[in-house]
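J.: What follows is coords.pdb, PDB, C-alpha atoms.
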```pdb
ATOM      1  CA  MET A   1     -49.066  11.892 -66.809
ATOM      2  CA  LEU A   2     -52.033  13.483 -68.528
ATOM      3  CA  ILE A   3     -55.374  11.777 -67.991
ATOM      4  CA  THR A   4     -58.655  12.394 -69.736
ATOM      5  CA  SER A   5     -61.840  10.593 -70.661
ATOM      6  CA  ALA A   6     -64.042  10.157 -73.699
ATOM      7  CA  TYR A   7     -66.439  12.600 -72.008
ATOM      8  CA  GLN A   8     -63.763  15.293 -71.810
ATOM      9  CA  LEU A   9     -62.661  14.770 -75.406
ATOM     10  CA  ASP A  10     -66.282  15.066 -76.579
ATOM     11  CA  GLU A  11     -66.670  18.222 -74.469
ATOM     12  CA  LEU A  12     -63.520  19.694 -76.018
ATOM     13  CA  ARG A  13     -64.831  18.958 -79.529
ATOM     14  CA  ARG A  14     -68.054  20.772 -78.632
ATOM     15  CA  VAL A  15     -66.474  23.770 -76.928
ATOM     16  CA  VAL A  16     -63.928  24.600 -79.633
ATOM     17  CA  ASN A  17     -66.845  25.171 -81.988
ATOM     18  CA  TYR A  18     -68.217  28.051 -79.901
ATOM     19  CA  SER A  19     -68.347  31.175 -82.062
ATOM     20  CA  ARG A  20     -66.306  33.126 -79.504
ATOM     21  CA  LEU A  21     -63.436  30.631 -79.877
ATOM     22  CA  ARG A  22     -63.420  30.114 -83.651
ATOM     23  CA  HIS A  23     -60.982  32.993 -84.219
ATOM     24  CA  ARG A  24     -58.582  31.594 -81.599
ATOM     25  CA  ILE A  25     -58.223  28.004 -82.802
ATOM     26  CA  THR A  26     -58.467  26.735 -86.356
ATOM     27  CA  PRO A  27     -60.067  23.430 -87.304
ATOM     28  CA  GLU A  28     -56.576  22.147 -88.132
ATOM     29  CA  GLN A  29     -55.288  23.125 -84.681
ATOM     30  CA  THR A  30     -58.301  21.478 -83.074
ATOM     31  CA  ALA A  31     -57.692  18.262 -84.996
ATOM     32  CA  ALA A  32     -54.002  18.293 -84.029
ATOM     33  CA  LEU A  33     -54.848  18.927 -80.364
ATOM     34  CA  LEU A  34     -57.346  16.067 -80.263
ATOM     35  CA  ASP A  35     -54.932  13.742 -82.076
ATOM     36  CA  ASN A  36     -52.154  14.595 -79.614
ATOM     37  CA  LEU A  37     -54.426  14.088 -76.622
ATOM     38  CA  GLN A  38     -55.463  10.681 -77.915
ATOM     39  CA  ILE A  39     -51.800   9.732 -78.366
ATOM     40  CA  LYS A  40     -50.281  11.266 -75.218
ATOM     41  CA  ALA A  41     -53.053  11.055 -72.630
ATOM     42  CA  SER A  42     -54.329   8.083 -70.727
ATOM     43  CA  ILE A  43     -58.001   7.923 -71.740
ATOM     44  CA  LEU A  44     -60.133   6.430 -68.991
ATOM     45  CA  GLU A  45     -63.199   4.437 -69.938
ATOM     46  CA  LYS A  46     -64.810   3.552 -66.603
ATOM     47  CA  LEU A  47     -65.575   6.459 -64.319
ATOM     48  CA  PRO A  48     -67.112   6.395 -60.849
ATOM     49  CA  ALA A  49     -70.414   8.144 -60.289
ATOM     50  CA  VAL A  50     -69.753  11.341 -58.348
ATOM     51  CA  ASP A  51     -71.887  14.288 -57.276
ATOM     52  CA  PHE A  52     -69.526  16.947 -55.941
ATOM     53  CA  SER A  53     -70.247  19.945 -58.162
ATOM     54  CA  PRO A  54     -73.427  22.006 -58.332
ATOM     55  CA  ASP A  55     -72.909  21.862 -62.117
ATOM     56  CA  PRO A  56     -73.651  18.271 -63.173
ATOM     57  CA  ASP A  57     -71.464  18.698 -66.292
ATOM     58  CA  ASP A  58     -68.427  19.053 -64.003
ATOM     59  CA  ASN A  59     -68.921  15.730 -62.255
ATOM     60  CA  PRO A  60     -67.547  13.541 -65.097
ATOM     61  CA  ILE A  61     -64.404  15.696 -65.058
ATOM     62  CA  LEU A  62     -64.071  15.192 -61.320
ATOM     63  CA  ALA A  63     -64.717  11.480 -61.797
ATOM     64  CA  THR A  64     -61.911  11.328 -64.380
ATOM     65  CA  ALA A  65     -59.488  12.914 -61.919
ATOM     66  CA  ILE A  66     -60.531  10.533 -59.148
ATOM     67  CA  ALA A  67     -60.361   7.427 -61.355
ATOM     68  CA  GLY A  68     -56.960   8.456 -62.670
ATOM     69  CA  ALA A  69     -55.596   9.386 -59.230
ATOM     70  CA  ALA A  70     -54.718  12.848 -60.530
ATOM     71  CA  ASP A  71     -52.261  15.062 -58.665
ATOM     72  CA  ILE A  72     -54.212  18.220 -59.543
ATOM     73  CA  ILE A  73     -57.268  19.362 -61.469
ATOM     74  CA  VAL A  74     -56.798  22.505 -63.565
ATOM     75  CA  SER A  75     -59.937  24.473 -64.327
ATOM     76  CA  GLY A  76     -60.903  27.974 -65.355
ATOM     77  CA  ASP A  77     -64.382  27.481 -63.896
ATOM     78  CA  LYS A  78     -63.978  29.560 -60.746
ATOM     79  CA  SER A  79     -67.657  29.565 -59.780
ATOM     80  CA  HIS A  80     -68.028  25.787 -59.602
ATOM     81  CA  MET A  81     -64.811  23.802 -59.948
ATOM     82  CA  VAL A  82     -62.196  26.049 -58.350
ATOM     83  CA  ALA A  83     -64.677  26.990 -55.636
ATOM     84  CA  LEU A  84     -64.630  23.347 -54.506
ATOM     85  CA  GLU A  85     -60.880  23.784 -53.751
ATOM     86  CA  GLN A  86     -60.349  19.996 -53.736
ATOM     87  CA  VAL A  87     -62.134  16.734 -54.285
ATOM     88  CA  GLU A  88     -61.093  13.444 -52.710
ATOM     89  CA  GLY A  89     -57.832  15.133 -51.710
ATOM     90  CA  ILE A  90     -57.061  16.351 -55.254
ATOM     91  CA  PRO A  91     -56.498  20.127 -55.323
ATOM     92  CA  ILE A  92     -58.408  22.139 -57.934
ATOM     93  CA  ILE A  93     -56.399  25.093 -59.239
ATOM     94  CA  THR A  94     -56.665  27.730 -61.954
ATOM     95  CA  PRO A  95     -54.609  27.606 -65.159
ATOM     96  CA  ARG A  96     -52.580  30.566 -63.864
ATOM     97  CA  GLU A  97     -51.722  28.641 -60.698
ATOM     98  CA  ALA A  98     -50.799  25.582 -62.762
ATOM     99  CA  LEU A  99     -48.426  27.637 -64.925
ATOM    100  CA  ALA A 100     -46.844  29.155 -61.846
ATOM    101  CA  ARG A 101     -46.137  25.641 -60.554
ATOM    102  CA  LEU A 102     -44.420  24.776 -63.841
ATOM    103  CA  GLU A 103     -42.176  27.845 -63.943
ATOM    104  CA  PRO A 104     -38.656  27.292 -62.634
ATOM    105  CA  PRO A 105     -37.817  29.228 -59.467
ATOM    106  CA  PRO A 106     -35.838  32.466 -60.000
TER     107      PRO A 106
END
```
Translate this file's structure into structure tokens.
T.:
Amino acid sequence: MLITSAYQLDELRRVVNYSRLRHRITPEQTAALLDNLQIKASILEKLPAVDFSPDPDDNPILATAIAGAADIIVSGDKSHMVALEQVEGIPIITPREALARLEPPP
């Protein structure tokens, strides 16, 4: 199951507007992605207060994973998130590692 929070959806809306990403995702694709997330994901409203990351913007993401009893956290933020390795027993892995877990064995 995919879990997210209002915080993460707001962050996604903000990030996709970065100039360096505008050529990679169209406004229509962004709208479709957000619509699909709102339909398919479990959106958590109440998050615990946590202080695990040196980057305070990461803590609501960690709180979402904890509140949703996530199996894994996938992050491209190697300097803060992935460096933690795990939080409350939830492993934090890179997108590449997550894809490798999804690939069928040879």
J.: Measuring atom to atom with all atoms listed in the file, identify which of A:Ala63, A:Val15, A:Ala100, A:Leu2 is nearest to Asn36 (chain A).
T.: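 Selected residue with least distance to Asn36 (chain A): A:Leu2.
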J.: The PyMOL selection byres ((chain A and resi 52) around 10) on the file shown: which residues, as a list in words?
T.: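 For this structure, the PyMOL selection byres ((chain A and resi 52) around 10) resolves to Ala49, Val50, Asp51, Ser53, Pro54, Asp55, Pro56, Asp58, Asn59, Pro60, Leu62, Ala63, His80, Met81, Leu84, Gln86, Val87 and Glu88 of chain A.
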J.: Take the PyMOL selection byres ((chain A and resi 76) around 12), run it mentally on this structure, and tell me the resulting residues as JSON, numbers by chain.
T.: {"A": [58, 73, 74, 75, 77, 78, 79, 80, 81, 82, 83, 92, 93, 94, 95, 96, 97, 98]}
J.: Have a look at CA of Arg14 (chain A) and CA of Ala65 (chain A) and let me know their distance in Å, one decimal.
T.: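 These atoms are spaced 20.4 Å apart.
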